[in-house]
Amino acid sequence: MPVHMRFGPDDLLRCRFGISPLWETQGAVRALKQVRLQGYHLPWLRQTEAAARALDLTPLWLLMPYPGHTPDFLCPPPDGPLTSIEEDLARVRATDPDTARDDLARSLADTPGAADTPQGRAMLADPARAVRELADLCERVWHALVAPYWPRLRAVLEADIAFRARRLADDGLTGLFADLHPSLSWANGTLTLHRRMEHDRDLGGDGLVLAPSVFVWPDVAAGFDPPWQGTIVYPARGIGGLWQAPPPGSDALVRLLGANRAAILGGLGEPATTSSLAHRHGLALSSVSAHLSVLREAGLLTSRRYGHQVLYERTPLGTALADAGPA
């Protein structure tokens, strides 16, 4: 039973990318619940084990059936290229109680007996209170489990969008959709997700949000009913190296560039911002900025702006130098 998203002419002009801290917060909670997702994030799980035990995640887990519907209002599509957690949570807290109750009921119905549990009954009886408590819990999860790692996560997400934007420019929507996930296919103006649920939506001129995610890997999520904009949440590229320490440069590269510049060049397998590189390498922003300027002037890096961020990536010469074997 596939998910169909049908495009009109205006929808083709209104596809956009977006990054949401709340999406990753929800994904982190789901990864803690579903063992099948945990192998991809073992270093993060070990580092956050104590913090996760201190949180009561039962209310969120109750609303995350697999397969099934997670309430749309709990993780609304990002309304810009990069929203803040404060903006995301403000949208959740502004949810109309009637809308929330319908969304909660739909989610609870996907888990037999969930609506009859004490927590399920309380949510349905007082949806306004449920919205407040769920938003507060998401905020605590963000600060405990996601915020300390956000620069690293955001760097992967931004790098993915830079890659997809180039793919879109080179190959159009057909090439872009073909590479997002094996379960997605594009034909005759319709994007189809082949999965165990049925959803049919005419995008109605609002377009589609494409949101990369670290924690959705290896799945893909799709849907959202009006008033939410249609959205595809797909696994970001670069997950394999997400939790690994950046590789040191070769001895020859260190002798040529110095240890810090060699590490920065060697670690730029995917585009990244100054702040994410500073966090990754444990260096001051000013130091990283100076190193990036030298590497760019030497023709080893190039930069491009995405929204308010500047992404740095290796040139072919930089890649050849970084990948050269030890001397």
# chains A, B, ... in the order shown; residues from 1 in each chain; ligands from 1

$ closest_atom_pairs --of "range 249-289 of chain A" --to "range 235-243 of chain A" --cutoff "12 Å" --atoms "only C-alpha atoms" --output "CSV"
residue,atom,partner,partner_atom,distance
A:Gly267,CA,A:Gly241,CA,10.0
A:Leu268,CA,A:Gly238,CA,11.2
A:Gly269,CA,A:Gly238,CA,8.7
A:Glu270,CA,A:Gly238,CA,7.4
A:Pro271,CA,A:Gly238,CA,10.4
A:Ala272,CA,A:Gly238,CA,11.6
A:Arg280,CA,A:Trp243,CA,10.1

$ write_last_selection --atoms "all heavy atoms" --output "compact mmCIF listing (two decimals), in the first residue's frame"
# COMPACT_ATOMS: atom_id res chain seq x y z
N GLY A 267 39.53 15.85 7.01
CA GLY A 267 38.20 15.56 7.53
C GLY A 267 37.06 16.12 6.71
O GLY A 267 35.89 15.88 7.02
N LEU A 268 37.37 16.87 5.65
CA LEU A 268 36.31 17.48 4.85
C LEU A 268 35.86 16.56 3.73
O LEU A 268 35.83 16.95 2.56
CB LEU A 268 36.80 18.82 4.28
CG LEU A 268 36.46 20.06 5.10
CD1 LEU A 268 37.12 21.30 4.51
CD2 LEU A 268 34.96 20.26 5.16
N GLY A 269 35.49 15.34 4.08
CA GLY A 269 34.92 14.43 3.10
C GLY A 269 33.58 14.91 2.60
O GLY A 269 33.16 14.61 1.49
N GLU A 270 32.86 15.67 3.44
CA GLU A 270 31.60 16.28 3.08
C GLU A 270 31.70 17.77 3.41
O GLU A 270 32.44 18.17 4.31
CB GLU A 270 30.44 15.67 3.88
CG GLU A 270 30.23 14.19 3.63
CD GLU A 270 29.64 13.90 2.27
OE1 GLU A 270 29.13 14.85 1.64
OE2 GLU A 270 29.67 12.73 1.85
N PRO A 271 30.96 18.64 2.70
CA PRO A 271 30.99 20.07 3.02
C PRO A 271 30.61 20.33 4.48
O PRO A 271 29.81 19.61 5.06
CB PRO A 271 29.95 20.66 2.06
CG PRO A 271 29.86 19.68 0.93
CD PRO A 271 30.08 18.34 1.55
N ALA A 272 31.20 21.36 5.06
CA ALA A 272 30.95 21.68 6.46
C ALA A 272 31.14 23.18 6.69
O ALA A 272 31.81 23.87 5.92
CB ALA A 272 31.89 20.89 7.37
N ARG A 280 34.14 19.87 15.67
CA ARG A 280 34.66 18.54 15.34
C ARG A 280 36.13 18.39 15.75
O ARG A 280 36.54 17.35 16.25
CB ARG A 280 34.51 18.30 13.84
CG ARG A 280 34.95 16.92 13.38
CD ARG A 280 34.93 16.83 11.86
NE ARG A 280 33.65 17.20 11.30
CZ ARG A 280 33.43 17.39 9.99
NH1 ARG A 280 34.42 17.23 9.13
NH2 ARG A 280 32.24 17.73 9.55

$ select_by_dssp --residues "range 72-246 of chain A" --states "helix (DSSP H, G or I)" --output "number ranges by chain"
A: 72-74, 85-93, 97-109, 114-116, 118-125, 127-178, 239-241

$ closest_residue --among "A:Leu283, A:Ala147, A:Ala262, A:Ala155" --to "Ala28 in chain A" --atoms "only C-alpha atoms"
A:Ala147

$ residues_around --residues "range 157-164 of chain A" --least-positions-apart "2" --cutoff "9 Å" --atoms "only C-alpha atoms" --output "PyMOL selection string"
chain A and resi 17-19+152-155+166-169+176+179-180+211-214+236-238+270-273+304+306+309+311

$ write_last_selection --atoms "N, CA and C atoms" --output "PDB file, in the first residue's frame"
ATOM      1  N   PHE A  17      14.229  22.497   0.655  1.00  0.00           N
ATOM      2  CA  PHE A  17      14.868  21.711   1.703  1.00  0.00           C
ATOM      3  C   PHE A  17      14.666  22.394   3.050  1.00  0.00           C
ATOM      4  N   GLY A  18      14.705  21.600   4.097  1.00  0.00           N
ATOM      5  CA  GLY A  18      14.582  22.163   5.434  1.00  0.00           C
ATOM      6  C   GLY A  18      15.246  21.259   6.462  1.00  0.00           C
ATOM      7  N   ILE A  19      15.780  21.895   7.505  1.00  0.00           N
ATOM      8  CA  ILE A  19      16.408  21.180   8.619  1.00  0.00           C
ATOM      9  C   ILE A  19      15.675  21.561   9.887  1.00  0.00           C
ATOM     10  N   ARG A 152      27.587  18.746  15.214  1.00  0.00           N
ATOM     11  CA  ARG A 152      27.987  17.603  14.390  1.00  0.00           C
ATOM     12  C   ARG A 152      26.826  17.135  13.512  1.00  0.00           C
ATOM     13  N   LEU A 153      25.646  17.035  14.085  1.00  0.00           N
ATOM     14  CA  LEU A 153      24.481  16.594  13.321  1.00  0.00           C
ATOM     15  C   LEU A 153      24.150  17.602  12.219  1.00  0.00           C
ATOM     16  N   ARG A 154      24.159  18.879  12.594  1.00  0.00           N
ATOM     17  CA  ARG A 154      23.812  19.912  11.611  1.00  0.00           C
ATOM     18  C   ARG A 154      24.794  19.920  10.454  1.00  0.00           C
ATOM     19  N   ALA A 155      26.077  19.668  10.721  1.00  0.00           N
ATOM     20  CA  ALA A 155      27.069  19.636   9.650  1.00  0.00           C
ATOM     21  C   ALA A 155      26.741  18.548   8.628  1.00  0.00           C
ATOM     22  N   ARG A 166      23.161  20.444  -5.624  1.00  0.00           N
ATOM     23  CA  ARG A 166      23.933  20.275  -6.849  1.00  0.00           C
ATOM     24  C   ARG A 166      23.300  19.217  -7.748  1.00  0.00           C
ATOM     25  N   ARG A 167      22.808  18.157  -7.127  1.00  0.00           N
ATOM     26  CA  ARG A 167      22.159  17.099  -7.923  1.00  0.00           C
ATOM     27  C   ARG A 167      20.914  17.636  -8.625  1.00  0.00           C
ATOM     28  N   LEU A 168      20.159  18.469  -7.925  1.00  0.00           N
ATOM     29  CA  LEU A 168      18.964  19.066  -8.514  1.00  0.00           C
ATOM     30  C   LEU A 168      19.345  19.973  -9.684  1.00  0.00           C
ATOM     31  N   ALA A 169      20.402  20.762  -9.510  1.00  0.00           N
ATOM     32  CA  ALA A 169      20.840  21.653 -10.584  1.00  0.00           C
ATOM     33  C   ALA A 169      21.325  20.865 -11.797  1.00  0.00           C
ATOM     34  N   LEU A 176      17.131  13.988  -8.659  1.00  0.00           N
ATOM     35  CA  LEU A 176      17.098  14.196  -7.209  1.00  0.00           C
ATOM     36  C   LEU A 176      16.312  13.093  -6.519  1.00  0.00           C
ATOM     37  N   ASP A 179      17.685   9.409  -6.133  1.00  0.00           N
ATOM     38  CA  ASP A 179      18.820   9.138  -5.258  1.00  0.00           C
ATOM     39  C   ASP A 179      18.494   9.322  -3.776  1.00  0.00           C
ATOM     40  N   LEU A 180      17.264   9.680  -3.440  1.00  0.00           N
ATOM     41  CA  LEU A 180      16.936   9.960  -2.039  1.00  0.00           C
ATOM     42  C   LEU A 180      16.828   8.686  -1.205  1.00  0.00           C
ATOM     43  N   ALA A 211      13.421  16.966   3.850  1.00  0.00           N
ATOM     44  CA  ALA A 211      14.129  17.156   5.114  1.00  0.00           C
ATOM     45  C   ALA A 211      15.088  16.005   5.360  1.00  0.00           C
ATOM     46  N   PRO A 212      16.405  16.228   5.274  1.00  0.00           N
ATOM     47  CA  PRO A 212      17.346  15.164   5.626  1.00  0.00           C
ATOM     48  C   PRO A 212      17.333  14.923   7.126  1.00  0.00           C
ATOM     49  N   SER A 213      17.615  13.697   7.511  1.00  0.00           N
ATOM     50  CA  SER A 213      17.625  13.351   8.933  1.00  0.00           C
ATOM     51  C   SER A 213      18.725  12.333   9.194  1.00  0.00           C
ATOM     52  N   VAL A 214      19.359  12.473  10.334  1.00  0.00           N
ATOM     53  CA  VAL A 214      20.344  11.496  10.782  1.00  0.00           C
ATOM     54  C   VAL A 214      19.654  10.283  11.382  1.00  0.00           C
ATOM     55  N   ALA A 236      20.063  11.204   5.668  1.00  0.00           N
ATOM     56  CA  ALA A 236      21.145  12.041   5.167  1.00  0.00           C
ATOM     57  C   ALA A 236      22.355  11.201   4.799  1.00  0.00           C
ATOM     58  N   ARG A 237      23.111  11.675   3.842  1.00  0.00           N
ATOM     59  CA  ARG A 237      24.380  11.045   3.494  1.00  0.00           C
ATOM     60  C   ARG A 237      25.392  11.289   4.621  1.00  0.00           C
ATOM     61  N   GLY A 238      26.398  10.423   4.710  1.00  0.00           N
ATOM     62  CA  GLY A 238      27.476  10.646   5.669  1.00  0.00           C
ATOM     63  C   GLY A 238      27.234  10.075   7.043  1.00  0.00           C
ATOM     64  N   GLU A 270      32.863  15.667   3.437  1.00  0.00           N
ATOM     65  CA  GLU A 270      31.595  16.285   3.081  1.00  0.00           C
ATOM     66  C   GLU A 270      31.698  17.771   3.407  1.00  0.00           C
ATOM     67  N   PRO A 271      30.956  18.640   2.705  1.00  0.00           N
ATOM     68  CA  PRO A 271      30.990  20.065   3.018  1.00  0.00           C
ATOM     69  C   PRO A 271      30.608  20.333   4.479  1.00  0.00           C
ATOM     70  N   ALA A 272      31.203  21.362   5.060  1.00  0.00           N
ATOM     71  CA  ALA A 272      30.954  21.683   6.464  1.00  0.00           C
ATOM     72  C   ALA A 272      31.140  23.178   6.692  1.00  0.00           C
ATOM     73  N   THR A 273      30.554  23.676   7.779  1.00  0.00           N
ATOM     74  CA  THR A 273      30.677  25.080   8.141  1.00  0.00           C
ATOM     75  C   THR A 273      31.857  25.277   9.081  1.00  0.00           C
ATOM     76  N   ARG A 304      30.772  27.904  -0.539  1.00  0.00           N
ATOM     77  CA  ARG A 304      29.501  28.321  -1.121  1.00  0.00           C
ATOM     78  C   ARG A 304      28.547  28.651   0.005  1.00  0.00           C
ATOM     79  N   TYR A 306      24.890  28.755   1.761  1.00  0.00           N
ATOM     80  CA  TYR A 306      23.560  28.134   1.803  1.00  0.00           C
ATOM     81  C   TYR A 306      22.788  28.799   2.932  1.00  0.00           C
ATOM     82  N   GLN A 309      24.506  30.159   6.158  1.00  0.00           N
ATOM     83  CA  GLN A 309      25.703  29.373   6.413  1.00  0.00           C
ATOM     84  C   GLN A 309      26.633  29.400   5.205  1.00  0.00           C
ATOM     85  N   LEU A 311      29.394  26.967   3.506  1.00  0.00           N
ATOM     86  CA  LEU A 311      29.893  25.596   3.512  1.00  0.00           C
ATOM     87  C   LEU A 311      31.221  25.521   2.762  1.00  0.00           C
TER      88      LEU A 311
END

$ residues_around --residues "range 58-70 of chain A" --least-positions-apart "6" --cutoff "10 Å" --atoms "only C-alpha atoms" --output "MDAnalysis selection string"
chainID A and resid 26 29:30 32:34 103:112 114:115 117 119:120 123 130 133:134 137:138 195:197 223:224

$ residues_around --residues "Leu13 in chain A" --least-positions-apart "5" --cutoff "10 Å" --atoms "only C-alpha atoms" --output "JSON, numbers by chain"
{"A": [7, 8, 205, 206, 207, 208]}

$ residues_around --residues "Pro151 in chain A" --least-positions-apart "6" --cutoff "9 Å" --atoms "only C-alpha atoms" --output "MDAnalysis selection string"
chainID A and resid 275:277 279:280

$ select_by_dssp --residues "range 43-287 of chain A" --states "strand (DSSP E)" --output "ChimeraX atom specification"
/A:184-187,190-193,199-202,208-213,221-223,230-235

$ atom_distance --atom1 "CA of Asp126 in chain A" --atom2 "CA of Arg140 in chain A"
21.4 Å

$ residues_around --residues "Arg296 in chain A" --least-positions-apart "5" --cutoff "9 Å" --atoms "only C-alpha atoms" --output "PDB file with all heavy atoms, in the first residue's frame"
ATOM      1  N   HIS A 291      42.615  28.966   9.213  1.00  0.00           N
ATOM      2  CA  HIS A 291      43.090  27.794   8.460  1.00  0.00           C
ATOM      3  C   HIS A 291      42.314  27.631   7.152  1.00  0.00           C
ATOM      4  O   HIS A 291      42.903  27.316   6.108  1.00  0.00           O
ATOM      5  CB  HIS A 291      42.943  26.536   9.305  1.00  0.00           C
ATOM      6  CG  HIS A 291      43.869  26.481  10.485  1.00  0.00           C
ATOM      7  ND1 HIS A 291      45.181  26.862  10.424  1.00  0.00           N
ATOM      8  CD2 HIS A 291      43.656  26.067  11.778  1.00  0.00           C
ATOM      9  CE1 HIS A 291      45.756  26.696  11.606  1.00  0.00           C
ATOM     10  NE2 HIS A 291      44.843  26.227  12.443  1.00  0.00           N
ATOM     11  N   LEU A 301      40.452  24.317  -1.142  1.00  0.00           N
ATOM     12  CA  LEU A 301      39.062  24.373  -0.728  1.00  0.00           C
ATOM     13  C   LEU A 301      38.310  25.396  -1.558  1.00  0.00           C
ATOM     14  O   LEU A 301      38.903  26.333  -2.107  1.00  0.00           O
ATOM     15  CB  LEU A 301      38.936  24.776   0.752  1.00  0.00           C
ATOM     16  CG  LEU A 301      39.536  23.884   1.828  1.00  0.00           C
ATOM     17  CD1 LEU A 301      39.253  24.479   3.204  1.00  0.00           C
ATOM     18  CD2 LEU A 301      38.998  22.474   1.740  1.00  0.00           C
ATOM     19  N   THR A 302      37.007  25.221  -1.605  1.00  0.00           N
ATOM     20  CA  THR A 302      36.111  26.229  -2.148  1.00  0.00           C
ATOM     21  C   THR A 302      34.971  26.419  -1.164  1.00  0.00           C
ATOM     22  O   THR A 302      34.774  25.585  -0.271  1.00  0.00           O
ATOM     23  CB  THR A 302      35.571  25.810  -3.527  1.00  0.00           C
ATOM     24  OG1 THR A 302      34.809  26.891  -4.094  1.00  0.00           O
ATOM     25  CG2 THR A 302      34.681  24.578  -3.415  1.00  0.00           C
ATOM     26  N   SER A 303      34.245  27.490  -1.281  1.00  0.00           N
ATOM     27  CA  SER A 303      33.151  27.763  -0.347  1.00  0.00           C
ATOM     28  C   SER A 303      31.916  28.172  -1.126  1.00  0.00           C
ATOM     29  O   SER A 303      31.998  28.708  -2.236  1.00  0.00           O
ATOM     30  CB  SER A 303      33.542  28.856   0.645  1.00  0.00           C
ATOM     31  OG  SER A 303      33.794  30.082  -0.023  1.00  0.00           O
ATOM     32  N   TYR A 312      32.180  24.836   3.367  1.00  0.00           N
ATOM     33  CA  TYR A 312      33.489  24.632   2.751  1.00  0.00           C
ATOM     34  C   TYR A 312      33.595  23.190   2.267  1.00  0.00           C
ATOM     35  O   TYR A 312      33.134  22.262   2.948  1.00  0.00           O
ATOM     36  CB  TYR A 312      34.610  24.932   3.751  1.00  0.00           C
ATOM     37  CG  TYR A 312      34.710  26.397   4.109  1.00  0.00           C
ATOM     38  CD1 TYR A 312      33.925  26.943   5.114  1.00  0.00           C
ATOM     39  CD2 TYR A 312      35.584  27.234   3.415  1.00  0.00           C
ATOM     40  CE1 TYR A 312      34.000  28.293   5.436  1.00  0.00           C
ATOM     41  CE2 TYR A 312      35.669  28.589   3.734  1.00  0.00           C
ATOM     42  CZ  TYR A 312      34.877  29.108   4.733  1.00  0.00           C
ATOM     43  OH  TYR A 312      34.958  30.445   5.044  1.00  0.00           O
ATOM     44  N   ARG A 314      36.260  20.449  -0.334  1.00  0.00           N
ATOM     45  CA  ARG A 314      37.535  20.298  -1.014  1.00  0.00           C
ATOM     46  C   ARG A 314      37.381  20.462  -2.520  1.00  0.00           C
ATOM     47  O   ARG A 314      36.384  20.039  -3.108  1.00  0.00           O
ATOM     48  CB  ARG A 314      38.147  18.925  -0.710  1.00  0.00           C
ATOM     49  CG  ARG A 314      38.527  18.745   0.744  1.00  0.00           C
ATOM     50  CD  ARG A 314      39.359  17.499   0.985  1.00  0.00           C
ATOM     51  NE  ARG A 314      38.715  16.262   0.573  1.00  0.00           N
ATOM     52  CZ  ARG A 314      38.698  15.151   1.311  1.00  0.00           C
ATOM     53  NH1 ARG A 314      39.263  15.145   2.512  1.00  0.00           N
ATOM     54  NH2 ARG A 314      38.118  14.065   0.859  1.00  0.00           N
ATOM     55  N   THR A 315      38.380  21.061  -3.131  1.00  0.00           N
ATOM     56  CA  THR A 315      38.482  21.062  -4.586  1.00  0.00           C
ATOM     57  C   THR A 315      39.075  19.721  -5.024  1.00  0.00           C
ATOM     58  O   THR A 315      39.568  18.948  -4.195  1.00  0.00           O
ATOM     59  CB  THR A 315      39.404  22.201  -5.055  1.00  0.00           C
ATOM     60  OG1 THR A 315      40.718  21.974  -4.529  1.00  0.00           O
ATOM     61  CG2 THR A 315      38.896  23.562  -4.571  1.00  0.00           C
TER      62      THR A 315
END

$ closest_residue --among "A:Asp79, A:Leu184, A:Asp98, A:Gly27" --to "Val209 in chain A" --atoms "only C-alpha atoms"
A:Asp79

$ atom_distance --atom1 "CA of Glu86 in chain A" --atom2 "CA of Asp72 in chain A"
17.6 Å

$ atom_distance --atom1 "CA of Ala221 in chain A" --atom2 "CA of Pro118 in chain A"
28.7 Å
